[in-house]
Amino acid sequence: MRKLLALLVATVFAVPLYVAVVNVFKDGPQISKSPASLPIPPTLDNIRSALGRSDRLFWVSLTNSVIVTSLSIAVLTVLSAMLGHYLARTRGRWTRALTLLLLSGLMIPPQVILMPVTQVLRAVGLMTTVPGLVLFNVGYYVPFGVFVFTGFVRAIPVELEESAALDGAGRGQTFWRIVFPLMRPATASVLIFLGVWIWNDFIDPLIILGPSQGTTVTTGIYRSIGQYQVDFGAMFAMMFLATLPVLIFFLLLQRHFVKGLTGGATKG
């Protein structure tokens, strides 16, 4: 029964992926006629069309997504690791209140706070800018990073830090030279989760960047759809190409992924 249920769930998730992949290699009429059929004969015209657009929509979108995602996850990883270490090693009412505040941030959908955030960004002159979008990502996703790092740090023996302190290392040196290298699995988990979430985000870049200041891969797919007609082949090709970078990123870090999520689950 469990195997049958697992097969059913896997099928439900696999069907959309199958349709998306096979339609990359079919022409428009064939997609409209039989979207679930195999691409016989296969063609690469859709990929050439997406890569060779005169407005360079895909390349501009890819560049913006890489910049926004890279800056966001880099800042998020550093801040989350430092704050997670502090909360895991400090006891007191202040740290408990801060932990509760951060965890409550995980329960708020980004769409709920999007309009107030746009008002704040407009007031400080960061609306319709890449730094404004990065700042929004950092502010919204830092609770998740802190949650993962805090649990993992509690599984690291505090004696390692005490030994470093006895050898004359400061708190900063202890963290960056002793603790942070041991948090590679947690770092990989945070990078994968936040990287995928930020890469796939649609509504936030659409509103914060605006139509005249740039586009990401998700909003680029949306803007490739015409008002009166849709080139399904080119659209599926852009979806396929937009998925490749984040898929490669996940495959590079998957070795540490599960270990990073379960770190600290049985200790702390």
# chains A, B, ... in the order shown; residues from 1 in each chain; ligands from 1

call {"tool": "residues_around", "arguments": {"residues": "stretch 57-63 of chain A", "least_positions_apart": "6", "cutoff": "12 Å", "atoms": "only C-alpha atoms", "output": "PDB file with C-alpha atoms, in the first residue's frame"}}
result
ATOM      1  CA  ILE A  47      15.921  26.883 -27.458  1.00  0.00           C
ATOM      2  CA  ARG A  48      17.544  28.818 -30.313  1.00  0.00           C
ATOM      3  CA  SER A  49      14.547  31.152 -30.398  1.00  0.00           C
ATOM      4  CA  ALA A  50      14.697  31.800 -26.649  1.00  0.00           C
ATOM      5  CA  LEU A  51      18.450  32.417 -26.673  1.00  0.00           C
ATOM      6  CA  THR A  69      20.146  35.399  -5.848  1.00  0.00           C
ATOM      7  CA  SER A  70      23.916  35.420  -5.284  1.00  0.00           C
ATOM      8  CA  VAL A 130      18.365  45.502  -7.252  1.00  0.00           C
ATOM      9  CA  TRP A 199      15.381  32.176  -7.819  1.00  0.00           C
ATOM     10  CA  ASN A 200      11.764  31.023  -8.263  1.00  0.00           C
ATOM     11  CA  PRO A 205      10.675  40.967  -8.257  1.00  0.00           C
ATOM     12  CA  LEU A 206       7.682  41.912 -10.407  1.00  0.00           C
ATOM     13  CA  LEU A 209      11.897  45.931  -9.620  1.00  0.00           C
ATOM     14  CA  GLN A 213      14.006  48.536 -14.268  1.00  0.00           C
ATOM     15  CA  GLY A 214      14.712  44.891 -15.037  1.00  0.00           C
ATOM     16  CA  THR A 215      13.375  41.388 -14.936  1.00  0.00           C
ATOM     17  CA  THR A 216      14.296  38.002 -13.453  1.00  0.00           C
ATOM     18  CA  VAL A 217      13.880  34.575 -15.036  1.00  0.00           C
ATOM     19  CA  THR A 218      10.389  34.110 -13.605  1.00  0.00           C
ATOM     20  CA  THR A 219       9.109  37.512 -14.609  1.00  0.00           C
ATOM     21  CA  GLY A 220      10.912  37.088 -17.932  1.00  0.00           C
ATOM     22  CA  ILE A 221       8.805  34.012 -18.695  1.00  0.00           C
ATOM     23  CA  TYR A 222       5.703  36.023 -17.833  1.00  0.00           C
ATOM     24  CA  ARG A 223       6.762  38.890 -20.110  1.00  0.00           C
ATOM     25  CA  SER A 224       7.465  36.514 -22.990  1.00  0.00           C
ATOM     26  CA  ILE A 225       3.709  35.903 -23.257  1.00  0.00           C
ATOM     27  CA  ALA A 234       9.725  29.521 -26.792  1.00  0.00           C
ATOM     28  CA  MET A 235       7.932  29.746 -23.442  1.00  0.00           C
ATOM     29  CA  ALA A 237      12.285  26.645 -23.693  1.00  0.00           C
ATOM     30  CA  MET A 238      12.683  29.622 -21.359  1.00  0.00           C
ATOM     31  CA  MET A 239      11.198  27.597 -18.506  1.00  0.00           C
ATOM     32  CA  PHE A 240      13.660  24.789 -19.214  1.00  0.00           C
ATOM     33  CA  LEU A 241      16.677  27.102 -19.455  1.00  0.00           C
ATOM     34  CA  ALA A 242      15.655  28.976 -16.293  1.00  0.00           C
ATOM     35  CA  THR A 243      15.568  25.691 -14.373  1.00  0.00           C
ATOM     36  CA  LEU A 244      19.057  24.501 -15.335  1.00  0.00           C
ATOM     37  CA  PRO A 245      21.174  26.872 -13.157  1.00  0.00           C
ATOM     38  CA  VAL A 246      19.303  26.163  -9.931  1.00  0.00           C
TER      39      VAL A 246
END

call {"tool": "residues_around", "arguments": {"residues": "stretch 101-103 of chain A", "least_positions_apart": "5", "cutoff": "9 Å", "atoms": "only C-alpha atoms", "output": "count of residues only"}}
result
6

call {"tool": "residues_around", "arguments": {"residues": "stretch 108-124 of chain A", "least_positions_apart": "2", "cutoff": "10 Å", "atoms": "only C-alpha atoms", "output": "MDAnalysis selection string"}}
result
chainID A and resid 103:106 126:129 131:133 135:137 140:141 203:204 207:208

call {"tool": "closest_residue", "arguments": {"among": "A:Ser37, A:Gln254, A:Thr99, A:Ser72", "to": "A:His85", "atoms": "only C-alpha atoms"}}
result
A:Thr99

call {"tool": "select_by_dssp", "arguments": {"residues": "stretch 6-177 of chain A", "states": "helix (DSSP H, G or I)", "output": "number ranges by chain"}}
result
A: 6-25, 28-33, 45-51, 57-89, 93-105, 110-123, 130-153, 158-166, 171-177

call {"tool": "atom_distance", "arguments": {"atom1": "atom CA of A:Arg184", "atom2": "atom CA of A:Leu247"}}
result
19.5 Å

call {"tool": "residues_around", "arguments": {"residues": "stretch 38-42 of chain A", "least_positions_apart": "5", "cutoff": "10 Å", "atoms": "only C-alpha atoms", "output": "list in words"}}
result
Tyr18, Val19, Val21, Val22, Asn23, Val24, Phe25, Lys26, Asp27, Gln30 and Ile31 of chain A

call {"tool": "write_last_selection", "arguments": {"atoms": "all heavy atoms", "output": "mmCIF file, in the first residue's frame"}}
result
data_model
loop_
_atom_site.group_PDB
_atom_site.id
_atom_site.type_symbol
_atom_site.label_atom_id
_atom_site.label_comp_id
_atom_site.auth_asym_id
_atom_site.auth_seq_id
_atom_site.Cartn_x
_atom_site.Cartn_y
_atom_site.Cartn_z
ATOM 1 N N TYR A 18 7.314 16.181 -16.884
ATOM 2 C CA TYR A 18 7.385 15.501 -18.179
ATOM 3 C C TYR A 18 6.834 16.393 -19.286
ATOM 4 O O TYR A 18 7.454 16.547 -20.354
ATOM 5 C CB TYR A 18 6.604 14.192 -18.108
ATOM 6 C CG TYR A 18 6.303 13.585 -19.459
ATOM 7 C CD1 TYR A 18 7.278 12.871 -20.149
ATOM 8 C CD2 TYR A 18 5.043 13.730 -20.046
ATOM 9 C CE1 TYR A 18 7.008 12.319 -21.394
ATOM 10 C CE2 TYR A 18 4.765 13.183 -21.289
ATOM 11 C CZ TYR A 18 5.756 12.481 -21.957
ATOM 12 O OH TYR A 18 5.477 11.941 -23.189
ATOM 13 N N VAL A 19 5.682 16.988 -19.044
ATOM 14 C CA VAL A 19 5.063 17.858 -20.051
ATOM 15 C C VAL A 19 5.969 19.050 -20.357
ATOM 16 O O VAL A 19 6.133 19.451 -21.512
ATOM 17 C CB VAL A 19 3.670 18.324 -19.575
ATOM 18 C CG1 VAL A 19 3.092 19.368 -20.523
ATOM 19 C CG2 VAL A 19 2.726 17.131 -19.454
ATOM 20 N N VAL A 21 9.255 19.260 -20.082
ATOM 21 C CA VAL A 21 10.492 18.886 -20.774
ATOM 22 C C VAL A 21 10.226 18.485 -22.224
ATOM 23 O O VAL A 21 10.925 18.943 -23.142
ATOM 24 C CB VAL A 21 11.205 17.746 -20.020
ATOM 25 C CG1 VAL A 21 12.382 17.215 -20.844
ATOM 26 C CG2 VAL A 21 11.687 18.227 -18.664
ATOM 27 N N VAL A 22 9.219 17.641 -22.463
ATOM 28 C CA VAL A 22 9.005 17.152 -23.829
ATOM 29 C C VAL A 22 8.579 18.275 -24.766
ATOM 30 O O VAL A 22 8.888 18.239 -25.969
ATOM 31 C CB VAL A 22 7.960 16.012 -23.855
ATOM 32 C CG1 VAL A 22 8.449 14.819 -23.070
ATOM 33 C CG2 VAL A 22 6.604 16.487 -23.366
ATOM 34 N N ASN A 23 7.882 19.275 -24.249
ATOM 35 C CA ASN A 23 7.420 20.360 -25.109
ATOM 36 C C ASN A 23 8.521 21.340 -25.484
ATOM 37 O O ASN A 23 8.322 22.192 -26.356
ATOM 38 C CB ASN A 23 6.267 21.105 -24.444
ATOM 39 C CG ASN A 23 4.979 20.311 -24.483
ATOM 40 O OD1 ASN A 23 4.677 19.669 -25.480
ATOM 41 N ND2 ASN A 23 4.229 20.339 -23.398
ATOM 42 N N VAL A 24 9.668 21.235 -24.812
ATOM 43 C CA VAL A 24 10.805 22.063 -25.200
ATOM 44 C C VAL A 24 11.288 21.687 -26.594
ATOM 45 O O VAL A 24 11.754 22.536 -27.361
ATOM 46 C CB VAL A 24 11.951 21.906 -24.168
ATOM 47 C CG1 VAL A 24 13.203 22.649 -24.637
ATOM 48 C CG2 VAL A 24 11.515 22.427 -22.811
ATOM 49 N N PHE A 25 11.155 20.419 -26.942
ATOM 50 C CA PHE A 25 11.729 19.895 -28.184
ATOM 51 C C PHE A 25 10.669 19.631 -29.255
ATOM 52 O O PHE A 25 10.875 18.810 -30.148
ATOM 53 C CB PHE A 25 12.506 18.609 -27.872
ATOM 54 C CG PHE A 25 13.536 18.788 -26.800
ATOM 55 C CD1 PHE A 25 13.279 18.376 -25.502
ATOM 56 C CD2 PHE A 25 14.747 19.390 -27.077
ATOM 57 C CE1 PHE A 25 14.229 18.538 -24.502
ATOM 58 C CE2 PHE A 25 15.700 19.561 -26.095
ATOM 59 C CZ PHE A 25 15.444 19.139 -24.793
ATOM 60 N N LYS A 26 9.514 20.312 -29.167
ATOM 61 C CA LYS A 26 8.463 20.201 -30.174
ATOM 62 C C LYS A 26 8.125 21.579 -30.711
ATOM 63 O O LYS A 26 8.285 22.592 -30.012
ATOM 64 C CB LYS A 26 7.208 19.549 -29.574
ATOM 65 C CG LYS A 26 7.425 18.103 -29.126
ATOM 66 C CD LYS A 26 6.123 17.406 -28.777
ATOM 67 C CE LYS A 26 5.467 18.004 -27.563
ATOM 68 N NZ LYS A 26 4.303 17.219 -27.110
ATOM 69 N N ASP A 27 7.622 21.637 -31.934
ATOM 70 C CA ASP A 27 7.224 22.923 -32.497
ATOM 71 C C ASP A 27 5.838 23.322 -31.988
ATOM 72 O O ASP A 27 5.122 22.516 -31.382
ATOM 73 C CB ASP A 27 7.241 22.891 -34.027
ATOM 74 C CG ASP A 27 6.397 21.757 -34.594
ATOM 75 O OD1 ASP A 27 5.408 21.362 -33.949
ATOM 76 O OD2 ASP A 27 6.744 21.269 -35.679
ATOM 77 N N GLN A 30 2.615 21.235 -32.881
ATOM 78 C CA GLN A 30 2.628 19.922 -32.237
ATOM 79 C C GLN A 30 2.318 20.035 -30.749
ATOM 80 O O GLN A 30 1.663 19.168 -30.174
ATOM 81 C CB GLN A 30 3.990 19.254 -32.445
ATOM 82 C CG GLN A 30 4.019 17.772 -32.051
ATOM 83 C CD GLN A 30 5.362 17.132 -32.347
ATOM 84 O OE1 GLN A 30 6.297 17.799 -32.780
ATOM 85 N NE2 GLN A 30 5.453 15.822 -32.119
ATOM 86 N N ILE A 31 2.777 21.120 -30.116
ATOM 87 C CA ILE A 31 2.480 21.335 -28.693
ATOM 88 C C ILE A 31 0.981 21.542 -28.504
ATOM 89 O O ILE A 31 0.369 20.967 -27.596
ATOM 90 C CB ILE A 31 3.265 22.552 -28.162
ATOM 91 C CG1 ILE A 31 4.764 22.262 -28.175
ATOM 92 C CG2 ILE A 31 2.815 22.894 -26.735
ATOM 93 C CD1 ILE A 31 5.620 23.449 -27.797
#

call {"tool": "residues_around", "arguments": {"residues": "A:Ser80", "least_positions_apart": "6", "cutoff": "12 Å", "atoms": "only C-alpha atoms", "output": "PyMOL selection string"}}
result
chain A and resi 72-74+86-88+102+138-153+180+183+186-187+190-191+194

call {"tool": "write_last_selection", "arguments": {"atoms": "N, CA and C atoms", "output": "compact mmCIF listing (two decimals), in the first residue's frame"}}
result
# COMPACT_ATOMS: atom_id res chain seq x y z
N SER A 72 21.82 37.90 -2.33
CA SER A 72 20.88 37.61 -1.25
C SER A 72 21.34 36.45 -0.39
N ILE A 73 21.71 35.33 -1.02
CA ILE A 73 22.08 34.16 -0.23
C ILE A 73 23.44 34.35 0.45
N ALA A 74 24.33 35.15 -0.14
CA ALA A 74 25.61 35.42 0.51
C ALA A 74 25.41 36.21 1.80
N TYR A 86 25.03 32.97 17.88
CA TYR A 86 24.81 33.77 19.09
C TYR A 86 23.62 33.26 19.90
N LEU A 87 22.52 32.97 19.23
CA LEU A 87 21.33 32.50 19.93
C LEU A 87 21.54 31.11 20.53
N ALA A 88 22.32 30.27 19.87
CA ALA A 88 22.55 28.92 20.37
C ALA A 88 23.47 28.90 21.59
N LEU A 102 11.88 35.97 15.67
CA LEU A 102 12.35 35.48 14.38
C LEU A 102 11.48 34.33 13.87
N VAL A 138 16.72 39.58 2.19
CA VAL A 138 17.47 39.37 3.43
C VAL A 138 16.55 39.52 4.64
N GLY A 139 15.75 40.57 4.64
CA GLY A 139 14.86 40.80 5.77
C GLY A 139 13.82 39.72 5.95
N TYR A 140 13.33 39.17 4.85
CA TYR A 140 12.25 38.18 4.96
C TYR A 140 12.76 36.78 5.25
N TYR A 141 13.89 36.37 4.66
CA TYR A 141 14.33 34.99 4.76
C TYR A 141 15.33 34.73 5.88
N VAL A 142 15.82 35.76 6.55
CA VAL A 142 16.81 35.54 7.61
C VAL A 142 16.26 34.67 8.75
N PRO A 143 14.97 34.71 9.12
CA PRO A 143 14.50 33.80 10.19
C PRO A 143 14.71 32.33 9.85
N PHE A 144 14.50 31.94 8.61
CA PHE A 144 14.70 30.53 8.25
C PHE A 144 16.17 30.14 8.40
N GLY A 145 17.07 31.00 7.93
CA GLY A 145 18.49 30.70 8.07
C GLY A 145 18.91 30.59 9.53
N VAL A 146 18.42 31.48 10.36
CA VAL A 146 18.73 31.43 11.79
C VAL A 146 18.20 30.15 12.41
N PHE A 147 17.01 29.74 12.03
CA PHE A 147 16.41 28.51 12.55
C PHE A 147 17.28 27.30 12.24
N VAL A 148 17.78 27.19 11.02
CA VAL A 148 18.62 26.05 10.63
C VAL A 148 19.96 26.10 11.34
N PHE A 149 20.61 27.25 11.35
CA PHE A 149 21.94 27.36 11.95
C PHE A 149 21.90 27.18 13.47
N THR A 150 20.87 27.69 14.11
CA THR A 150 20.78 27.54 15.57
C THR A 150 20.71 26.08 15.97
N GLY A 151 19.87 25.30 15.29
CA GLY A 151 19.78 23.89 15.60
C GLY A 151 21.08 23.15 15.33
N PHE A 152 21.80 23.54 14.28
CA PHE A 152 23.04 22.84 13.95
C PHE A 152 24.15 23.21 14.94
N VAL A 153 24.23 24.46 15.35
CA VAL A 153 25.28 24.89 16.27
C VAL A 153 25.16 24.15 17.60
N PHE A 180 32.36 28.02 12.03
CA PHE A 180 31.76 28.14 10.69
C PHE A 180 32.19 27.01 9.74
N MET A 183 30.03 24.06 10.07
CA MET A 183 28.62 24.23 9.69
C MET A 183 28.39 24.10 8.19
N ALA A 186 24.90 22.64 7.25
CA ALA A 186 23.83 23.61 7.46
C ALA A 186 23.91 24.73 6.43
N THR A 187 25.11 25.15 6.11
CA THR A 187 25.29 26.20 5.10
C THR A 187 24.76 25.73 3.75
N VAL A 190 20.92 25.84 3.81
CA VAL A 190 20.43 27.22 3.73
C VAL A 190 20.61 27.75 2.30
N LEU A 191 21.77 27.49 1.71
CA LEU A 191 22.01 27.97 0.35
C LEU A 191 21.02 27.37 -0.64
N LEU A 194 17.18 28.68 0.27
CA LEU A 194 16.99 30.10 -0.02
C LEU A 194 17.31 30.41 -1.47

call {"tool": "decode", "arguments": {"residues": "stretch 197-211 of chain A", "atoms": "N, CA, C and O atoms", "output": "JSON list (two decimals), in the first residue's frame"}}
result
[["chain", "number", "residue", "atom", "x", "y", "z"],
["A", 197, "TRP", "N", 14.23, 29.32, -3.44],
["A", 197, "TRP", "CA", 13.09, 30.21, -3.18],
["A", 197, "TRP", "C", 13.26, 31.55, -3.85],
["A", 197, "TRP", "O", 12.33, 32.07, -4.48],
["A", 198, "ILE", "N", 14.44, 32.13, -3.72],
["A", 198, "ILE", "CA", 14.66, 33.47, -4.29],
["A", 198, "ILE", "C", 14.71, 33.39, -5.82],
["A", 198, "ILE", "O", 14.18, 34.26, -6.51],
["A", 199, "TRP", "N", 15.32, 32.34, -6.37],
["A", 199, "TRP", "CA", 15.38, 32.18, -7.82],
["A", 199, "TRP", "C", 13.98, 32.04, -8.42],
["A", 199, "TRP", "O", 13.70, 32.58, -9.48],
["A", 200, "ASN", "N", 13.11, 31.29, -7.74],
["A", 200, "ASN", "CA", 11.76, 31.02, -8.26],
["A", 200, "ASN", "C", 10.75, 32.11, -7.91],
["A", 200, "ASN", "O", 9.59, 32.03, -8.34],
["A", 201, "ASP", "N", 11.16, 33.08, -7.12],
["A", 201, "ASP", "CA", 10.21, 34.12, -6.69],
["A", 201, "ASP", "C", 9.70, 34.90, -7.90],
["A", 201, "ASP", "O", 10.46, 35.23, -8.81],
["A", 202, "PHE", "N", 8.42, 35.17, -7.89],
["A", 202, "PHE", "CA", 7.80, 35.87, -9.02],
["A", 202, "PHE", "C", 7.23, 37.23, -8.63],
["A", 202, "PHE", "O", 7.58, 38.26, -9.19],
["A", 203, "ILE", "N", 6.35, 37.25, -7.65],
["A", 203, "ILE", "CA", 5.60, 38.47, -7.35],
["A", 203, "ILE", "C", 6.49, 39.56, -6.78],
["A", 203, "ILE", "O", 6.32, 40.75, -7.09],
["A", 204, "ASP", "N", 7.47, 39.20, -5.95],
["A", 204, "ASP", "CA", 8.32, 40.22, -5.32],
["A", 204, "ASP", "C", 9.20, 40.94, -6.34],
["A", 204, "ASP", "O", 9.24, 42.18, -6.34],
["A", 205, "PRO", "N", 9.92, 40.23, -7.22],
["A", 205, "PRO", "CA", 10.67, 40.97, -8.26],
["A", 205, "PRO", "C", 9.77, 41.76, -9.20],
["A", 205, "PRO", "O", 10.13, 42.86, -9.63],
["A", 206, "LEU", "N", 8.59, 41.22, -9.50],
["A", 206, "LEU", "CA", 7.68, 41.91, -10.41],
["A", 206, "LEU", "C", 7.26, 43.26, -9.83],
["A", 206, "LEU", "O", 7.19, 44.26, -10.56],
["A", 207, "ILE", "N", 7.00, 43.30, -8.52],
["A", 207, "ILE", "CA", 6.54, 44.55, -7.89],
["A", 207, "ILE", "C", 7.70, 45.46, -7.54],
["A", 207, "ILE", "O", 7.66, 46.67, -7.81],
["A", 208, "ILE", "N", 8.74, 44.91, -6.94],
["A", 208, "ILE", "CA", 9.83, 45.74, -6.43],
["A", 208, "ILE", "C", 10.70, 46.29, -7.56],
["A", 208, "ILE", "O", 11.03, 47.48, -7.59],
["A", 209, "LEU", "N", 11.09, 45.44, -8.51],
["A", 209, "LEU", "CA", 11.90, 45.93, -9.62],
["A", 209, "LEU", "C", 11.08, 46.78, -10.58],
["A", 209, "LEU", "O", 11.58, 47.75, -11.14],
["A", 210, "GLY", "N", 9.83, 46.40, -10.80],
["A", 210, "GLY", "CA", 8.98, 47.16, -11.71],
["A", 210, "GLY", "C", 9.26, 46.81, -13.16],
["A", 210, "GLY", "O", 10.30, 46.24, -13.50],
["A", 211, "PRO", "N", 8.36, 47.14, -14.05],
["A", 211, "PRO", "CA", 8.48, 46.75, -15.46],
["A", 211, "PRO", "C", 9.60, 47.47, -16.21],
["A", 211, "PRO", "O", 10.05, 47.00, -17.24]]
